[in-house]
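Enquirer: Sharing entry_23.txt, compact mmCIF, C-alpha atoms:
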# COMPACT_ATOMS: atom_id res chain seq x y z
CA MET A 1 4.23 -5.77 -40.68
CA ASP A 2 4.55 -9.37 -41.75
CA MET A 3 2.91 -11.97 -39.63
CA ASN A 4 3.75 -15.59 -39.41
CA PHE A 5 1.68 -17.93 -37.33
CA GLN A 6 3.56 -20.98 -38.58
CA PRO A 7 5.55 -21.47 -35.34
CA LEU A 8 2.26 -21.84 -33.47
CA PHE A 9 1.05 -24.59 -35.78
CA ASP A 10 4.41 -26.33 -35.74
CA SER A 11 4.39 -26.46 -31.94
CA TRP A 12 0.70 -27.10 -31.42
CA PHE A 13 1.26 -30.17 -29.25
CA PHE A 14 3.79 -28.35 -27.06
CA LEU A 15 1.29 -25.52 -26.53
CA LEU A 16 -1.61 -27.89 -25.99
CA LYS A 17 0.30 -29.61 -23.20
CA ALA A 18 1.04 -26.19 -21.71
CA LEU A 19 -2.65 -25.34 -21.86
CA GLY A 20 -3.39 -28.62 -20.07
CA THR A 21 -0.93 -27.66 -17.33
CA THR A 22 -2.58 -24.25 -16.99
CA ILE A 23 -6.01 -25.87 -16.62
CA LEU A 24 -4.70 -28.48 -14.17
CA LEU A 25 -2.93 -25.84 -12.11
CA SER A 26 -5.99 -23.56 -11.99
CA VAL A 27 -8.36 -26.40 -11.08
CA LEU A 28 -6.08 -27.83 -8.37
CA SER A 29 -5.40 -24.42 -6.83
CA MET A 30 -9.10 -23.57 -6.92
CA LEU A 31 -9.92 -26.88 -5.22
CA LEU A 32 -7.34 -26.25 -2.50
CA GLY A 33 -8.48 -22.64 -2.20
CA PHE A 34 -12.09 -23.79 -1.94
CA VAL A 35 -11.38 -26.32 0.83
CA VAL A 36 -9.22 -23.83 2.76
CA GLY A 37 -11.81 -21.11 2.19
CA VAL A 38 -14.77 -23.17 3.41
CA VAL A 39 -12.88 -24.23 6.55
CA VAL A 40 -11.56 -20.73 7.25
CA GLY A 41 -14.88 -19.02 6.48
CA THR A 42 -16.86 -21.43 8.66
CA LEU A 43 -14.43 -21.33 11.57
CA ARG A 44 -14.26 -17.55 11.45
CA THR A 45 -18.04 -17.32 11.57
CA TYR A 46 -18.75 -19.96 14.23
CA GLY A 47 -15.40 -20.66 15.90
CA GLY A 48 -15.36 -17.97 18.54
CA ARG A 49 -13.24 -14.88 18.98
CA LEU A 50 -9.78 -16.39 19.30
CA VAL A 51 -10.13 -18.57 16.20
CA ASN A 52 -11.61 -15.61 14.33
CA ALA A 53 -8.65 -13.41 15.26
CA LEU A 54 -6.06 -16.03 14.30
CA LEU A 55 -7.65 -16.89 10.97
CA GLY A 56 -8.32 -13.19 10.37
CA PHE A 57 -4.59 -12.68 10.64
CA TYR A 58 -4.00 -15.35 7.98
CA VAL A 59 -6.59 -13.78 5.66
CA ASP A 60 -5.25 -10.25 6.06
CA THR A 61 -1.69 -11.46 5.58
CA MET A 62 -2.62 -13.05 2.27
CA ARG A 63 -4.42 -9.85 1.31
CA ALA A 64 -1.25 -7.88 2.06
CA ILE A 65 1.48 -9.98 0.43
CA PRO A 66 1.64 -10.31 -3.38
CA LEU A 67 1.09 -13.77 -4.81
CA LEU A 68 4.46 -13.57 -6.55
CA VAL A 69 6.21 -13.23 -3.18
CA VAL A 70 4.19 -16.09 -1.63
CA LEU A 71 4.99 -18.26 -4.65
CA VAL A 72 8.70 -17.51 -4.70
CA TRP A 73 8.93 -18.00 -0.94
CA MET A 74 7.13 -21.34 -1.18
CA PHE A 75 9.44 -22.57 -3.93
CA PHE A 76 12.82 -21.22 -2.76
CA ALA A 77 12.63 -20.52 0.97
CA PHE A 78 10.26 -23.21 2.28
CA PRO A 79 12.52 -26.11 1.22
CA ILE A 80 15.50 -24.53 3.00
CA LEU A 81 13.51 -23.91 6.17
CA PHE A 82 12.12 -27.44 6.42
CA GLY A 83 14.75 -29.38 4.49
CA VAL A 84 12.29 -30.88 2.03
CA ARG A 85 12.21 -30.92 -1.74
CA VAL A 86 9.27 -29.18 -3.36
CA ASP A 87 8.77 -29.40 -7.10
CA SER A 88 7.56 -26.29 -8.89
CA MET A 89 4.05 -27.58 -9.63
CA THR A 90 3.41 -28.46 -5.96
CA ALA A 91 4.78 -25.12 -4.79
CA ALA A 92 2.54 -23.34 -7.29
CA VAL A 93 -0.62 -25.24 -6.27
CA VAL A 94 0.03 -24.66 -2.56
CA ALA A 95 0.92 -20.96 -2.95
CA LEU A 96 -2.00 -20.23 -5.30
CA GLY A 97 -4.38 -22.28 -3.14
CA LEU A 98 -3.39 -20.60 0.14
CA HIS A 99 -3.59 -17.16 -1.45
CA LEU A 100 -6.96 -17.85 -3.03
CA GLY A 101 -8.23 -19.58 0.12
CA ALA A 102 -8.12 -16.30 2.03
CA TYR A 103 -10.39 -14.63 -0.53
CA VAL A 104 -12.72 -17.66 -0.75
CA GLY A 105 -12.87 -17.63 3.05
CA GLU A 106 -14.07 -14.03 3.04
CA ALA A 107 -16.73 -14.82 0.43
CA ILE A 108 -17.93 -17.86 2.41
CA ARG A 109 -18.06 -15.83 5.60
CA ALA A 110 -20.15 -13.15 3.91
CA GLY A 111 -22.47 -15.90 2.63
CA LEU A 112 -22.81 -17.58 6.02
CA THR A 113 -23.58 -14.35 7.84
CA SER A 114 -26.19 -13.47 5.20
CA VAL A 115 -28.29 -16.51 6.22
CA ARG A 116 -30.65 -15.35 8.94
CA ARG A 117 -29.88 -16.35 12.51
CA GLY A 118 -33.37 -17.82 12.96
CA GLN A 119 -32.44 -20.73 10.70
CA MET A 120 -29.70 -21.85 13.05
CA ASN A 121 -32.05 -21.56 16.01
CA ALA A 122 -34.72 -23.53 14.15
CA ALA A 123 -32.23 -26.30 13.32
CA LEU A 124 -31.01 -26.48 16.91
CA ALA A 125 -34.60 -26.57 18.16
CA LEU A 126 -35.20 -29.56 15.87
CA GLY A 127 -32.41 -31.37 17.67
CA MET A 128 -29.65 -30.97 15.09
CA SER A 129 -26.09 -30.38 16.22
CA ARG A 130 -24.40 -27.13 15.22
CA VAL A 131 -22.15 -28.96 12.76
CA GLN A 132 -25.18 -30.67 11.20
CA ALA A 133 -27.02 -27.36 10.93
CA ILE A 134 -24.06 -25.65 9.26
CA ARG A 135 -23.38 -28.56 6.90
CA THR A 136 -26.89 -29.37 5.79
CA ILE A 137 -28.74 -26.07 6.09
CA ILE A 138 -26.64 -22.94 6.26
CA LEU A 139 -23.55 -23.73 4.16
CA PRO A 140 -25.48 -24.93 1.07
CA GLN A 141 -27.46 -21.68 0.98
CA ALA A 142 -24.31 -19.64 1.55
CA LEU A 143 -22.55 -21.42 -1.32
CA ILE A 144 -25.38 -20.74 -3.76
CA ARG A 145 -25.62 -17.11 -2.71
CA MET A 146 -21.87 -16.72 -3.12
CA LEU A 147 -21.69 -18.33 -6.59
CA PRO A 148 -20.96 -15.05 -8.44
CA PRO A 149 -17.97 -14.09 -6.26
CA LEU A 150 -16.72 -17.70 -6.27
CA GLY A 151 -16.95 -17.70 -10.08
CA SER A 152 -14.89 -14.54 -10.34
CA LEU A 153 -12.37 -16.03 -7.90
CA PHE A 154 -12.09 -19.03 -10.22
CA THR A 155 -11.27 -16.75 -13.16
CA ILE A 156 -8.72 -15.05 -10.92
CA ALA A 157 -7.24 -18.51 -10.23
CA ILE A 158 -6.86 -19.07 -13.98
CA LYS A 159 -5.27 -15.67 -14.51
CA ASP A 160 -2.99 -15.98 -11.50
CA SER A 161 -1.78 -19.41 -12.62
CA ALA A 162 0.28 -17.47 -15.19
CA ILE A 163 2.40 -16.15 -12.32
CA ALA A 164 3.66 -19.72 -11.81
CA SER A 165 5.72 -19.17 -14.97
CA VAL A 166 8.15 -17.29 -12.72
CA ILE A 167 9.12 -20.55 -10.98
CA ALA A 168 9.25 -22.40 -14.30
CA VAL A 169 6.02 -24.40 -14.11
CA PRO A 170 5.56 -25.45 -17.76
CA GLU A 171 2.19 -23.71 -18.14
CA LEU A 172 0.88 -21.66 -21.03
CA LEU A 173 2.70 -18.39 -20.39
CA ARG A 174 6.01 -20.11 -19.62
CA GLN A 175 5.89 -22.21 -22.76
CA SER A 176 4.83 -19.20 -24.84
CA GLN A 177 7.93 -17.41 -23.57
CA THR A 178 10.07 -20.39 -24.53
CA LEU A 179 8.54 -20.49 -27.99
CA ALA A 180 8.79 -16.72 -28.45
CA GLY A 181 12.47 -16.90 -27.54
CA GLN A 182 13.13 -19.67 -30.03
CA THR A 183 11.17 -18.33 -32.97
CA PHE A 184 11.45 -14.54 -32.50
CA ARG A 185 7.72 -14.23 -33.06
CA PRO A 186 6.59 -12.57 -29.80
CA PHE A 187 3.68 -10.73 -31.40
CA GLU A 188 1.97 -13.80 -32.84
CA ILE A 189 2.66 -16.00 -29.83
CA TYR A 190 1.76 -13.59 -27.02
CA THR A 191 -1.33 -12.36 -28.86
CA SER A 192 -2.52 -15.93 -29.37
CA ALA A 193 -1.83 -16.76 -25.72
CA MET A 194 -3.89 -13.71 -24.77
CA PHE A 195 -6.85 -15.01 -26.79
CA VAL A 196 -6.53 -18.49 -25.29
CA TYR A 197 -6.62 -17.07 -21.75
CA PHE A 198 -9.62 -14.97 -22.72
CA LEU A 199 -11.38 -18.05 -24.07
CA LEU A 200 -10.68 -19.84 -20.77
CA CYS A 201 -11.73 -17.05 -18.40
CA TYR A 202 -14.68 -15.44 -20.13
CA PRO A 203 -16.88 -18.59 -20.28
CA VAL A 204 -16.13 -19.37 -16.61
CA ALA A 205 -17.31 -15.91 -15.57
CA ARG A 206 -20.41 -16.00 -17.78
CA GLY A 207 -21.05 -19.68 -16.97
CA THR A 208 -21.18 -19.14 -13.21
CA ASP A 209 -23.47 -16.15 -13.75
CA ALA A 210 -25.82 -18.34 -15.80
CA LEU A 211 -25.62 -21.14 -13.22
CA TYR A 212 -26.40 -18.63 -10.48
CA ARG A 213 -29.49 -17.40 -12.31
CA ARG A 214 -30.77 -20.97 -12.45
CA LEU A 215 -29.93 -21.80 -8.83
CA ALA A 216 -30.53 -18.46 -7.12
CA HIS A 217 -34.00 -19.47 -5.89
CA LEU A 218 -32.46 -22.36 -3.91
CA GLY A 219 -30.36 -19.92 -1.91
CA SER A 220 -33.08 -17.47 -1.02
CA SER A 221 -35.03 -17.85 2.15
CA MET B 1 20.71 -24.16 9.58
CA ASN B 2 22.66 -20.96 9.92
CA LEU B 3 20.86 -17.75 9.23
CA GLN B 4 22.57 -14.47 8.54
CA TRP B 5 20.13 -11.62 8.76
CA ASN B 6 22.94 -9.12 8.18
CA VAL B 7 22.33 -9.44 4.49
CA VAL B 8 18.96 -7.80 5.04
CA PHE B 9 20.15 -5.00 7.31
CA ASP B 10 23.29 -4.28 5.31
CA ASN B 11 21.20 -3.82 2.19
CA TRP B 12 18.40 -1.75 3.74
CA ARG B 13 18.98 0.93 1.14
CA ILE B 14 18.15 -1.50 -1.68
CA PHE B 15 14.91 -2.55 0.01
CA LEU B 16 14.00 1.07 0.70
CA ASP B 17 14.55 2.12 -2.93
CA GLY B 18 12.53 -0.90 -4.06
CA ALA B 19 9.69 -0.08 -1.69
CA LEU B 20 9.67 3.55 -2.86
CA MET B 21 9.44 2.38 -6.47
CA THR B 22 6.53 0.10 -5.53
CA VAL B 23 4.72 3.02 -3.90
CA PHE B 24 5.49 5.27 -6.88
CA LEU B 25 4.09 2.69 -9.32
CA THR B 26 0.95 2.23 -7.22
CA VAL B 27 0.26 5.96 -6.87
CA THR B 28 1.02 6.84 -10.50
CA THR B 29 -1.03 3.97 -11.89
CA MET B 30 -4.04 4.80 -9.72
CA ALA B 31 -3.77 8.51 -10.60
CA LEU B 32 -4.00 7.55 -14.27
CA ALA B 33 -6.48 4.71 -13.90
CA LEU B 34 -9.13 6.76 -12.08
CA PRO B 35 -9.71 9.14 -15.04
CA GLY B 36 -9.06 6.21 -17.38
CA GLY B 37 -11.73 4.11 -15.69
CA LEU B 38 -14.18 7.01 -15.66
CA LEU B 39 -13.61 7.63 -19.37
CA LEU B 40 -14.18 3.96 -20.17
CA ALA B 41 -17.33 3.96 -18.05
CA PHE B 42 -18.69 6.96 -19.99
CA LEU B 43 -17.79 5.30 -23.28
CA ARG B 44 -19.69 2.18 -22.20
CA LEU B 45 -22.74 4.29 -21.42
CA SER B 46 -22.47 6.18 -24.72
CA PRO B 47 -25.53 6.40 -27.00
CA TYR B 48 -23.43 5.16 -29.96
CA ARG B 49 -23.34 1.42 -30.34
CA ALA B 50 -19.89 1.26 -31.95
CA VAL B 51 -18.33 3.25 -29.09
CA ARG B 52 -20.07 1.05 -26.50
CA LEU B 53 -18.89 -2.10 -28.24
CA ALA B 54 -15.27 -0.95 -28.52
CA ALA B 55 -15.13 0.07 -24.85
CA THR B 56 -16.79 -3.19 -23.77
CA CYS B 57 -14.26 -5.23 -25.75
CA PHE B 58 -11.37 -3.33 -24.18
CA VAL B 59 -12.71 -3.80 -20.66
CA GLU B 60 -13.67 -7.46 -21.00
CA PHE B 61 -10.37 -8.29 -22.64
CA PHE B 62 -8.22 -6.69 -19.96
CA ARG B 63 -10.35 -8.22 -17.22
CA ALA B 64 -10.17 -11.75 -18.62
CA THR B 65 -6.46 -12.10 -19.38
CA PRO B 66 -3.52 -12.39 -16.96
CA LEU B 67 -1.83 -9.11 -16.03
CA LEU B 68 1.54 -10.81 -16.38
CA LEU B 69 0.81 -11.57 -20.03
CA GLN B 70 -0.43 -8.03 -20.62
CA ILE B 71 2.86 -6.67 -19.29
CA TYR B 72 4.81 -9.06 -21.53
CA TRP B 73 2.68 -8.04 -24.46
CA VAL B 74 3.32 -4.33 -23.96
CA TYR B 75 7.01 -4.99 -23.36
CA TYR B 76 7.78 -7.30 -26.27
CA VAL B 77 5.07 -6.62 -28.80
CA LEU B 78 4.95 -2.82 -28.98
CA PRO B 79 8.64 -2.52 -29.96
CA ALA B 80 8.65 -5.56 -32.25
CA ALA B 81 5.37 -4.96 -34.05
CA PHE B 82 4.89 -1.21 -34.00
CA GLY B 83 8.39 0.15 -33.44
CA ILE B 84 7.34 1.88 -30.21
CA GLN B 85 10.25 1.93 -27.77
CA LEU B 86 9.38 2.53 -24.14
CA ASP B 87 11.59 2.16 -21.11
CA ALA B 88 10.69 -0.48 -18.53
CA ILE B 89 9.03 1.88 -16.04
CA THR B 90 6.80 3.51 -18.68
CA THR B 91 5.89 0.07 -20.00
CA ALA B 92 5.00 -1.05 -16.49
CA ILE B 93 2.82 1.99 -15.86
CA LEU B 94 1.12 1.62 -19.25
CA GLY B 95 0.35 -2.07 -18.68
CA LEU B 96 -0.88 -1.57 -15.12
CA THR B 97 -2.95 1.48 -16.08
CA CYS B 98 -4.79 -0.36 -18.88
CA ASN B 99 -5.55 -3.24 -16.53
CA ILE B 100 -6.68 -1.16 -13.55
CA SER B 101 -8.66 1.25 -15.78
CA ALA B 102 -10.67 -1.73 -17.02
CA PHE B 103 -11.48 -2.78 -13.44
CA ASN B 104 -12.21 0.81 -12.36
CA SER B 105 -14.54 1.34 -15.30
CA GLU B 106 -16.73 -1.54 -14.15
CA THR B 107 -16.78 -0.06 -10.67
CA PHE B 108 -17.75 3.41 -11.91
CA ARG B 109 -20.33 2.00 -14.30
CA ALA B 110 -21.97 0.04 -11.50
CA GLY B 111 -21.98 3.21 -9.37
CA ILE B 112 -23.53 5.37 -12.09
CA LEU B 113 -26.17 2.76 -12.88
CA SER B 114 -27.03 2.44 -9.18
CA ILE B 115 -28.32 6.02 -9.08
CA ARG B 116 -32.06 5.89 -9.61
CA LYS B 117 -33.48 7.05 -12.93
CA GLY B 118 -35.76 9.52 -11.13
CA GLN B 119 -32.77 11.68 -10.25
CA TRP B 120 -31.93 12.02 -13.95
CA ASN B 121 -35.51 12.97 -14.73
CA ALA B 122 -35.64 15.44 -11.85
CA GLY B 123 -32.42 17.11 -12.99
CA LEU B 124 -33.58 17.32 -16.60
CA ALA B 125 -36.98 18.66 -15.49
CA LEU B 126 -35.20 21.47 -13.66
CA GLY B 127 -33.66 22.49 -16.97
CA MET B 128 -30.18 21.06 -16.46
CA SER B 129 -28.32 19.61 -19.41
CA LYS B 130 -27.36 15.93 -19.44
CA GLY B 131 -23.75 16.83 -18.70
CA GLN B 132 -24.78 18.97 -15.75
CA VAL B 133 -26.95 16.21 -14.30
CA MET B 134 -24.08 13.76 -14.64
CA GLY B 135 -21.44 16.10 -13.24
CA ARG B 136 -23.40 17.67 -10.40
CA ILE B 137 -25.89 15.04 -9.31
CA VAL B 138 -25.17 11.52 -10.48
CA LEU B 139 -21.38 11.34 -10.44
CA PRO B 140 -20.75 12.73 -6.93
CA GLN B 141 -23.18 10.21 -5.44
CA ALA B 142 -21.85 7.38 -7.61
CA VAL B 143 -18.24 8.04 -6.58
CA MET B 144 -19.12 7.99 -2.89
CA ARG B 145 -20.94 4.70 -3.37
CA VAL B 146 -18.05 2.98 -5.10
CA LEU B 147 -15.36 4.29 -2.76
CA PRO B 148 -15.04 0.93 -0.94
CA ALA B 149 -14.66 -0.94 -4.24
CA LEU B 150 -12.01 1.53 -5.41
CA ALA B 151 -10.15 1.06 -2.14
CA SER B 152 -10.11 -2.72 -2.68
CA THR B 153 -8.74 -2.20 -6.19
CA TRP B 154 -6.04 0.01 -4.68
CA VAL B 155 -4.79 -2.85 -2.49
CA SER B 156 -4.80 -5.36 -5.35
CA LEU B 157 -2.91 -2.82 -7.46
CA PHE B 158 -0.35 -2.45 -4.69
CA LYS B 159 0.19 -6.22 -4.80
CA ASP B 160 0.07 -6.42 -8.59
CA THR B 161 2.95 -3.98 -8.98
CA SER B 162 5.17 -6.91 -7.94
CA LEU B 163 4.50 -8.47 -11.34
CA VAL B 164 6.44 -5.82 -13.24
CA ALA B 165 9.56 -7.38 -11.71
CA ILE B 166 9.59 -9.65 -14.79
CA ILE B 167 10.49 -6.71 -17.02
CA SER B 168 13.25 -5.60 -14.62
CA VAL B 169 11.55 -2.58 -13.10
CA PRO B 170 13.54 -2.07 -9.88
CA GLU B 171 10.62 -2.33 -7.46
CA LEU B 172 10.55 -4.29 -4.21
CA SER B 173 10.16 -7.77 -5.71
CA TYR B 174 12.74 -7.28 -8.43
CA VAL B 175 15.45 -5.88 -6.15
CA SER B 176 14.81 -8.69 -3.66
CA LEU B 177 14.97 -11.42 -6.28
CA ARG B 178 18.23 -9.95 -7.53
CA LEU B 179 19.65 -9.68 -4.03
CA ARG B 180 18.64 -13.31 -3.44
CA ALA B 181 20.58 -14.37 -6.52
CA GLU B 182 23.64 -12.28 -5.63
CA SER B 183 23.87 -13.06 -1.92
CA TYR B 184 22.64 -16.68 -1.88
CA ARG B 185 20.86 -15.85 1.41
CA ILE B 186 17.62 -17.09 -0.10
CA LEU B 187 15.57 -17.68 3.04
CA GLU B 188 16.57 -14.40 4.71
CA VAL B 189 15.98 -12.19 1.68
CA LEU B 190 12.68 -13.75 0.66
CA THR B 191 11.36 -13.67 4.22
CA ALA B 192 12.43 -10.04 4.53
CA VAL B 193 10.59 -9.03 1.37
CA ALA B 194 7.45 -10.83 2.54
CA VAL B 195 7.67 -8.98 5.86
CA ILE B 196 8.16 -5.62 4.12
CA TYR B 197 5.17 -6.21 1.87
CA TRP B 198 3.21 -7.25 4.94
CA LEU B 199 4.18 -4.09 6.84
CA LEU B 200 3.11 -1.96 3.89
CA GLY B 201 0.05 -3.94 2.85
CA TYR B 202 -1.51 -4.97 6.17
CA PRO B 203 -2.45 -1.42 7.25
CA GLN B 204 -3.86 -0.81 3.79
CA ALA B 205 -6.02 -3.95 4.01
CA LYS B 206 -7.27 -2.81 7.43
CA LEU B 207 -7.95 0.69 6.08
CA VAL B 208 -10.01 -0.83 3.28
CA ASP B 209 -12.07 -2.77 5.84
CA TRP B 210 -12.65 0.48 7.71
CA ILE B 211 -13.71 2.27 4.51
CA HIS B 212 -16.08 -0.61 3.77
CA ARG B 213 -17.68 -0.25 7.20
CA ARG B 214 -17.74 3.55 7.16
CA TRP B 215 -19.19 4.04 3.68
CA LYS B 216 -21.30 0.93 3.36
CA ILE B 217 -24.49 1.66 1.47
CA VAL B 218 -27.51 1.40 3.71
CA GLU B 219 -30.78 1.73 1.85
Using structure tokens, write down the structure from this file.
Expert:
Amino acid sequence: MDMNFQPLFDSWFFLLKALGTTILLSVLSMLLGFVVGVVVGTLRTYGGRLVNALLGFYVDTMRAIPLLVVLVWMFFAFPILFGVRVDSMTAAVVALGLHLGAYVGEAIRAGLTSVRRGQMNAALALGMSRVQAIRTIILPQALIRMLPPLGSLFTIAIKDSAIASVIAVPELLRQSQTLAGQTFRPFEIYTSAMFVYFLLCYPVARGTDALYRRLAHLGSS
Amino acid sequence: MNLQWNVVFDNWRIFLDGALMTVFLTVTTMALALPGGLLLAFLRLSPYRAVRLAATCFVEFFRATPLLLQIYWVYYVLPAAFGIQLDAITTAILGLTCNISAFNSETFRAGILSIRKGQWNAGLALGMSKGQVMGRIVLPQAVMRVLPALASTWVSLFKDTSLVAIISVPELSYVSLRLRAESYRILEVLTAVAVIYWLLGYPQAKLVDWIHRRWKIVE
């Protein structure tokens, strides 16, 4: 089998830009997912039964519907329903973020409930408000304890960003497809893309594990 | 805005066939990925370093790259580079099985390692062989412990089967995307497919929660 990696070198700038889009998309969707997750996780833990049931419905819905369907719906159906224009990058960030947010929410909730109840009582006895107690005492510990699952959710965000290629976001997989179609070198291009994704995901997973080992003592009580 | 839901009801057969294909892919992949994951877990616990290394590379690689790309790779690269021609459904099952086996192997490995060393020693002291200890003592306990994790993987697999739509496997997502393009009833068709996935997936998610509660490890 003859191999020719020349097309990759010829289009290095094109692929680099695609890699940048992949990183941007993963970071933005993780940020959105994180914000949604912290809000959902906190409200589900402390917001009472009705709020818990409503947000539980959102979480379970996201657990039941494939990301591809959420993404395609956000890009094609949402604009028709509300008569607005949504570009593919925005649709991808929102769909990925909402999908991820459900999983982050579950992780945050597990973290919050793992902090002993006495800490909340102690904070309230010291005259703090509930919001203050959650923000300054309980949530920071929960976040540190939940670093490993949050790290693996971040790698999932990177991997799932590839699904945005379906709605033509010019990210790494999409541009690899374009290049493979033009040069008829699918083996070289897809294999290289595989390694690039590996090089993105693997350090994130190992990095958060290392960070957790250094910070774990701050989360224990 | 005028909505015509007829397009959904008139084409119920298409949705049904798609949903059946989705279920078939999920069941077949899991049936292959359970032994596959177990095999990989054993290989990773093997006394030979080369075997361990190879299995670890396989697992880490499939866990750290997008499933969508893996499916593309199997679909475009196997025929082009090695002359292996597979139809779309076989390709889909092969890609999904490699991916899910990698995740299952980590689950099984964690389960096997969670069984205390004393049980191995006790089994060996009673004159059992290593294989017997593994098969009769360690593995049954390990499998029960990891049941909740396997159930979670099942639900993600159910959702991930939607990704094989890109290689034209006629499962629920693919048939819906095609119907969307043919009928131009974009909002109706895409909402319908989301609802169908929800109807299928929501009970599964709830079942997983129940399994988590029922078989949670209490030590």
Enquirer: For a quick test of understanding: name the residues of chain A lying within 9 Å of chain B when counting all atoms listed in the file, and present them as a ChimeraX atom specification.
Expert: /A:1-2,60-70,72-73,76-78,80-81,155-156,158-163,166,173,185-188,190-191,193-202,205
Enquirer: CA of Ala164 in chain A to CA of Val27 in chain A: how many Å, to one decimal?
Expert: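 Between these atoms lies a distance of 13.8 Å.
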Enquirer: Rounded to one decimal in Å, what is the spacing between CA of Leu126 in chain B and CA of Met144 in chain B?
Expert: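 Distance reported for this atom pair: 23.6 Å.
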Enquirer: Can you measure CA of His212 in chain B to CA of Ala149 in chain B for me? One decimal in Å is fine.
Expert: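 It comes out at 8.1 Å.
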Enquirer: So for range 22-40 of chain B, what box centre and size do we get, axis-aligned, 5 Å extra on each of the six sides, every listed atom, Å to one decimal, as JSON?
Expert:
{"center_x": -3.8, "center_y": 4.6, "center_z": -12.0, "size_x": 30.7, "size_y": 19.0, "size_z": 26.3}
Enquirer: Which of these, B:Ser183, B:Gln85, B:Ser105, B:Thr153, has the shortest distance to Trp5 in chain B once you count all atoms listed in the file?
Expert: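 Among B:Ser183, B:Gln85, B:Ser105, B:Thr153, it is B:Ser183 that comes nearest to Trp5 in chain B.
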